[in-house]
Amino acid sequence: MNVGIRHDDLRRRNRAMVLAAVRRAVRPSRTEIATVTGLSHSTISAITSDLIAEGVLMENRMPDGSAAKRGRPQVAVTLNPHAASIVAVVLSMNSLSANLIDYAGASVAQERRHIPTLELTREQLVAEAAAIVGRMIDAATARPLRIVFAIQGITDAAERKLLWSPIVQHLDVEFSDLLERAFGVDVAIENDCNMIAEGLRWRDPQRYGRDFIAVLLSHGIGMGMMFRGQLFSGTRSSAGEFGHMVHRPNGALCRCGRRGCIEAYAGNYAIWRNAHGVPDSRMTDTDISDADMSKLAERARSGDAAAREAFRIAGEAIGFGLGSLFALIDPAPVAFVGQGAHAFDLMERPIRDAIAATAGGQHADSIVFDTLPDEAPIILEGCAMRALAVVDQRISAGAPIERLPA
């Protein structure tokens, strides 16, 4: 009996390694899969043959001119896009988007809606989410096997709900249970910044494969962290609430209702507030447009003292926060993601100066910064890979596509 269990575990592990290699390389040959996985050619041949027969993989001849080789042409193995699908949903400030994604990771259908997130009742919010998911499912040729719902705010993956978010007025919204009852599809709730970190790891594993920090600069300030190649999500799923770490006790009013948060100095609304001389005890519009923030950055570059100071204050708050974090975890590369990255030139020096003034900033000038201004496709990629990884695990365990649990 024990031998059988060990054999099943080995088979599951080997199938998982092959699927992971194909998903990462997109169009590898069997020889390339063997090189990556370390499995024998006979094992690779047997596993790929099984997965092709199950409709999970498909063969593709290498394109002409790929490489001149004697003998038979190389044959690539690819994921069958029709084998399965997933739905990725993203809820952010006044925006709800959804994508239907095939098994190969390509977007098949998409929709984005502007919704007044702070004004909607709980029932209206859930109804909007259900409606957009329903339209994605209607566009699918077969029922999707998983839905990943990324939300700006504090989420609980185990309890499968949104605990709190500055973009809605409700606590403990049980999106997973409500959507599962409506569609009979597994639903996972994730923090949006965690999905940014996940997306970057898949997008560029050489640069973001092990240790890095992703900081979202947008309406709010968020963070996703990858340590030793693993997403750091805490005991629930929203560890890394960087924007709501305290920068100045009893300081500026944050949209979370507390005072002194990093976000209250570095979020779009905070930069706008400081640039226009609005008292930091007052809350201005928290949905400043990207166009207005771009104009404000241009004012700063043109020498407007108030605008320059607002961006300096923002950079300082972010820098002190990162420096304190680095005192705990050691410095790591940082990717600044989102609309605010367009104005990174106005904040980089204050960020570095503030880090250097902390216990974690002994090597502040050697810390690597990247900027990626458009967070939406990165969040989408993180959601897609998160969901498809679960589907891959089920397939690795031998569950036939047509009978995978919904």
# chains A, B, ... in the order shown; residues from 1 in each chain; ligands from 1
$ residues_around --residues "A:Leu328" --least-positions-apart "6" --cutoff "12 Å" --atoms "only C-alpha atoms" --output "JSON, numbers by chain"
{"A": [321, 322, 358, 359, 360, 361]}
$ residues_around --residues "stretch 193-199 of chain A" --least-positions-apart "6" --cutoff "6 Å" --atoms "only C-alpha atoms" --output "PyMOL selection string"
chain A and resi 214+223-224+378-379+381-383
$ residues_around --residues "A:Ile154" --least-positions-apart "5" --cutoff "12 Å" --atoms "only C-alpha atoms" --output "ChimeraX atom specification"
/A:159-168,170-173,189-194,222-223,233-244,256
$ select_by_dssp --residues "stretch 27-237 of chain A" --states "strand (DSSP E or B)" --output "NGL selection string"
:A and (29 or 57-61 or 75-79 or 85-92 or 95-102 or 107-114 or 146-151 or 154-156 or 161-164 or 173 or 186-191 or 212-217 or 221-227 or 230-232)
$ residues_around --residues "A:Thr78" --least-positions-apart "3" --cutoff "6 Å" --atoms "only C-alpha atoms" --output "list in words"
Arg27, Leu57 and Met58 of chain A
$ closest_residue --among "A:Ala131, A:Leu200, A:Gly229, A:Ser281" --to "A:Asn250" --atoms "only C-alpha atoms"
A:Ser281
$ closest_residue --among "A:Val334, A:Arg113, A:Arg301, A:His363" --to "A:Tyr208" --atoms "only C-alpha atoms"
A:Val334
$ residues_around --residues "A:Val108" --least-positions-apart "6" --cutoff "10 Å" --atoms "only C-alpha atoms" --output "PyMOL selection string"
chain A and resi 81+85+87+99-102+136+139-140
$ write_last_selection --atoms "C-alpha atoms" --output "tab-separated table (two decimals), in the first residue's frame"
chain	number	residue	atom	x	y	z
A	81	PRO	CA	-6.01	26.80	-24.90
A	85	SER	CA	-10.54	28.62	-18.70
A	87	VAL	CA	-12.06	34.36	-14.90
A	99	ASN	CA	-11.25	38.92	-18.15
A	100	LEU	CA	-12.00	35.45	-19.44
A	101	ILE	CA	-8.63	33.69	-19.84
A	102	ASP	CA	-7.98	30.42	-21.64
A	136	MET	CA	-17.55	36.35	-18.92
A	139	ALA	CA	-18.58	34.18	-23.44
A	140	ALA	CA	-16.81	30.93	-22.51
$ residues_around --residues "A:Asn274" --least-positions-apart "3" --cutoff "8 Å" --atoms "only C-alpha atoms" --output "PyMOL selection string"
chain A and resi 270-271+277-280+306-307+309-310
$ write_last_selection --atoms "N, CA and C atoms" --output "mmCIF file, in the first residue's frame"
data_model
loop_
_atom_site.group_PDB
_atom_site.id
_atom_site.type_symbol
_atom_site.label_atom_id
_atom_site.label_comp_id
_atom_site.auth_asym_id
_atom_site.auth_seq_id
_atom_site.Cartn_x
_atom_site.Cartn_y
_atom_site.Cartn_z
ATOM 1 N N ALA A 270 -3.431 62.707 -1.414
ATOM 2 C CA ALA A 270 -2.592 63.405 -0.445
ATOM 3 C C ALA A 270 -1.642 64.371 -1.140
ATOM 4 N N ILE A 271 -1.051 63.936 -2.246
ATOM 5 C CA ILE A 271 -0.171 64.822 -3.016
ATOM 6 C C ILE A 271 -0.965 66.018 -3.541
ATOM 7 N N GLY A 277 -2.611 73.293 -0.986
ATOM 8 C CA GLY A 277 -2.712 73.979 0.295
ATOM 9 C C GLY A 277 -3.934 73.630 1.106
ATOM 10 N N VAL A 278 -4.534 72.476 0.864
ATOM 11 C CA VAL A 278 -5.685 72.043 1.654
ATOM 12 C C VAL A 278 -5.185 71.492 2.986
ATOM 13 N N PRO A 279 -5.773 71.878 4.103
ATOM 14 C CA PRO A 279 -5.319 71.360 5.398
ATOM 15 C C PRO A 279 -5.322 69.834 5.409
ATOM 16 N N ASP A 280 -4.293 69.243 6.018
ATOM 17 C CA ASP A 280 -4.200 67.779 6.002
ATOM 18 C C ASP A 280 -5.188 67.114 6.952
ATOM 19 N N ALA A 306 4.997 74.604 -4.650
ATOM 20 C CA ALA A 306 4.029 73.827 -3.868
ATOM 21 C C ALA A 306 3.916 72.400 -4.406
ATOM 22 N N ALA A 307 3.908 72.273 -5.732
ATOM 23 C CA ALA A 307 3.813 70.941 -6.329
ATOM 24 C C ALA A 307 5.074 70.129 -6.045
ATOM 25 N N GLU A 309 7.081 70.423 -3.543
ATOM 26 C CA GLU A 309 7.097 70.058 -2.128
ATOM 27 C C GLU A 309 6.142 68.910 -1.850
ATOM 28 N N ALA A 310 5.004 68.897 -2.532
ATOM 29 C CA ALA A 310 4.038 67.818 -2.328
ATOM 30 C C ALA A 310 4.637 66.471 -2.731
#
$ residues_around --residues "A:Ala332" --least-positions-apart "2" --cutoff "9 Å" --atoms "only C-alpha atoms" --output "list in words"
Asp211, Phe212, Ile213, Phe326, Ile329, Asp330, Val334, Ile367 and Val368 of chain A
$ closest_residue --among "A:Pro249, A:Glu348, A:His276, A:Ser396" --to "A:Asp304" --atoms "only C-alpha atoms"
A:His276
$ select_by_dssp --residues "stretch 124-174 of chain A" --states "helix (DSSP H, G or I)" --output "NGL selection string"
:A and (124-139)
$ write_last_selection --atoms "N, CA and C atoms" --output "PDB file, in the first residue's frame"
ATOM      1  N   GLN A 124     -25.769  46.041  -4.166  1.00  0.00           N
ATOM      2  CA  GLN A 124     -25.430  46.557  -5.487  1.00  0.00           C
ATOM      3  C   GLN A 124     -24.005  46.167  -5.884  1.00  0.00           C
ATOM      4  N   LEU A 125     -23.100  46.209  -4.927  1.00  0.00           N
ATOM      5  CA  LEU A 125     -21.709  45.857  -5.194  1.00  0.00           C
ATOM      6  C   LEU A 125     -21.591  44.390  -5.624  1.00  0.00           C
ATOM      7  N   VAL A 126     -22.240  43.514  -4.890  1.00  0.00           N
ATOM      8  CA  VAL A 126     -22.214  42.091  -5.229  1.00  0.00           C
ATOM      9  C   VAL A 126     -22.906  41.844  -6.569  1.00  0.00           C
ATOM     10  N   ALA A 127     -24.010  42.567  -6.808  1.00  0.00           N
ATOM     11  CA  ALA A 127     -24.738  42.403  -8.071  1.00  0.00           C
ATOM     12  C   ALA A 127     -23.879  42.818  -9.266  1.00  0.00           C
ATOM     13  N   GLU A 128     -23.114  43.903  -9.115  1.00  0.00           N
ATOM     14  CA  GLU A 128     -22.224  44.333 -10.192  1.00  0.00           C
ATOM     15  C   GLU A 128     -21.166  43.264 -10.467  1.00  0.00           C
ATOM     16  N   ALA A 129     -20.602  42.710  -9.398  1.00  0.00           N
ATOM     17  CA  ALA A 129     -19.587  41.672  -9.567  1.00  0.00           C
ATOM     18  C   ALA A 129     -20.182  40.434 -10.227  1.00  0.00           C
ATOM     19  N   ALA A 130     -21.361  40.035  -9.786  1.00  0.00           N
ATOM     20  CA  ALA A 130     -22.001  38.845 -10.354  1.00  0.00           C
ATOM     21  C   ALA A 130     -22.349  39.062 -11.827  1.00  0.00           C
ATOM     22  N   ALA A 131     -22.780  40.259 -12.163  1.00  0.00           N
ATOM     23  CA  ALA A 131     -23.174  40.532 -13.549  1.00  0.00           C
ATOM     24  C   ALA A 131     -21.979  40.456 -14.493  1.00  0.00           C
ATOM     25  N   ILE A 132     -20.868  41.028 -14.086  1.00  0.00           N
ATOM     26  CA  ILE A 132     -19.705  41.028 -14.988  1.00  0.00           C
ATOM     27  C   ILE A 132     -19.106  39.630 -15.094  1.00  0.00           C
ATOM     28  N   VAL A 133     -19.122  38.871 -13.990  1.00  0.00           N
ATOM     29  CA  VAL A 133     -18.660  37.479 -14.044  1.00  0.00           C
ATOM     30  C   VAL A 133     -19.587  36.665 -14.947  1.00  0.00           C
ATOM     31  N   GLY A 134     -20.880  36.890 -14.821  1.00  0.00           N
ATOM     32  CA  GLY A 134     -21.841  36.176 -15.646  1.00  0.00           C
ATOM     33  C   GLY A 134     -21.615  36.395 -17.123  1.00  0.00           C
ATOM     34  N   ARG A 135     -21.273  37.622 -17.491  1.00  0.00           N
ATOM     35  CA  ARG A 135     -21.024  37.908 -18.905  1.00  0.00           C
ATOM     36  C   ARG A 135     -19.755  37.216 -19.399  1.00  0.00           C
ATOM     37  N   MET A 136     -18.756  37.088 -18.531  1.00  0.00           N
ATOM     38  CA  MET A 136     -17.548  36.349 -18.917  1.00  0.00           C
ATOM     39  C   MET A 136     -17.868  34.870 -19.096  1.00  0.00           C
ATOM     40  N   ILE A 137     -18.651  34.317 -18.190  1.00  0.00           N
ATOM     41  CA  ILE A 137     -19.007  32.903 -18.290  1.00  0.00           C
ATOM     42  C   ILE A 137     -19.833  32.647 -19.546  1.00  0.00           C
ATOM     43  N   ASP A 138     -20.719  33.579 -19.882  1.00  0.00           N
ATOM     44  CA  ASP A 138     -21.518  33.438 -21.110  1.00  0.00           C
ATOM     45  C   ASP A 138     -20.635  33.428 -22.356  1.00  0.00           C
ATOM     46  N   ALA A 139     -19.487  34.107 -22.279  1.00  0.00           N
ATOM     47  CA  ALA A 139     -18.582  34.181 -23.436  1.00  0.00           C
ATOM     48  C   ALA A 139     -17.691  32.953 -23.552  1.00  0.00           C
TER      49      ALA A 139
END
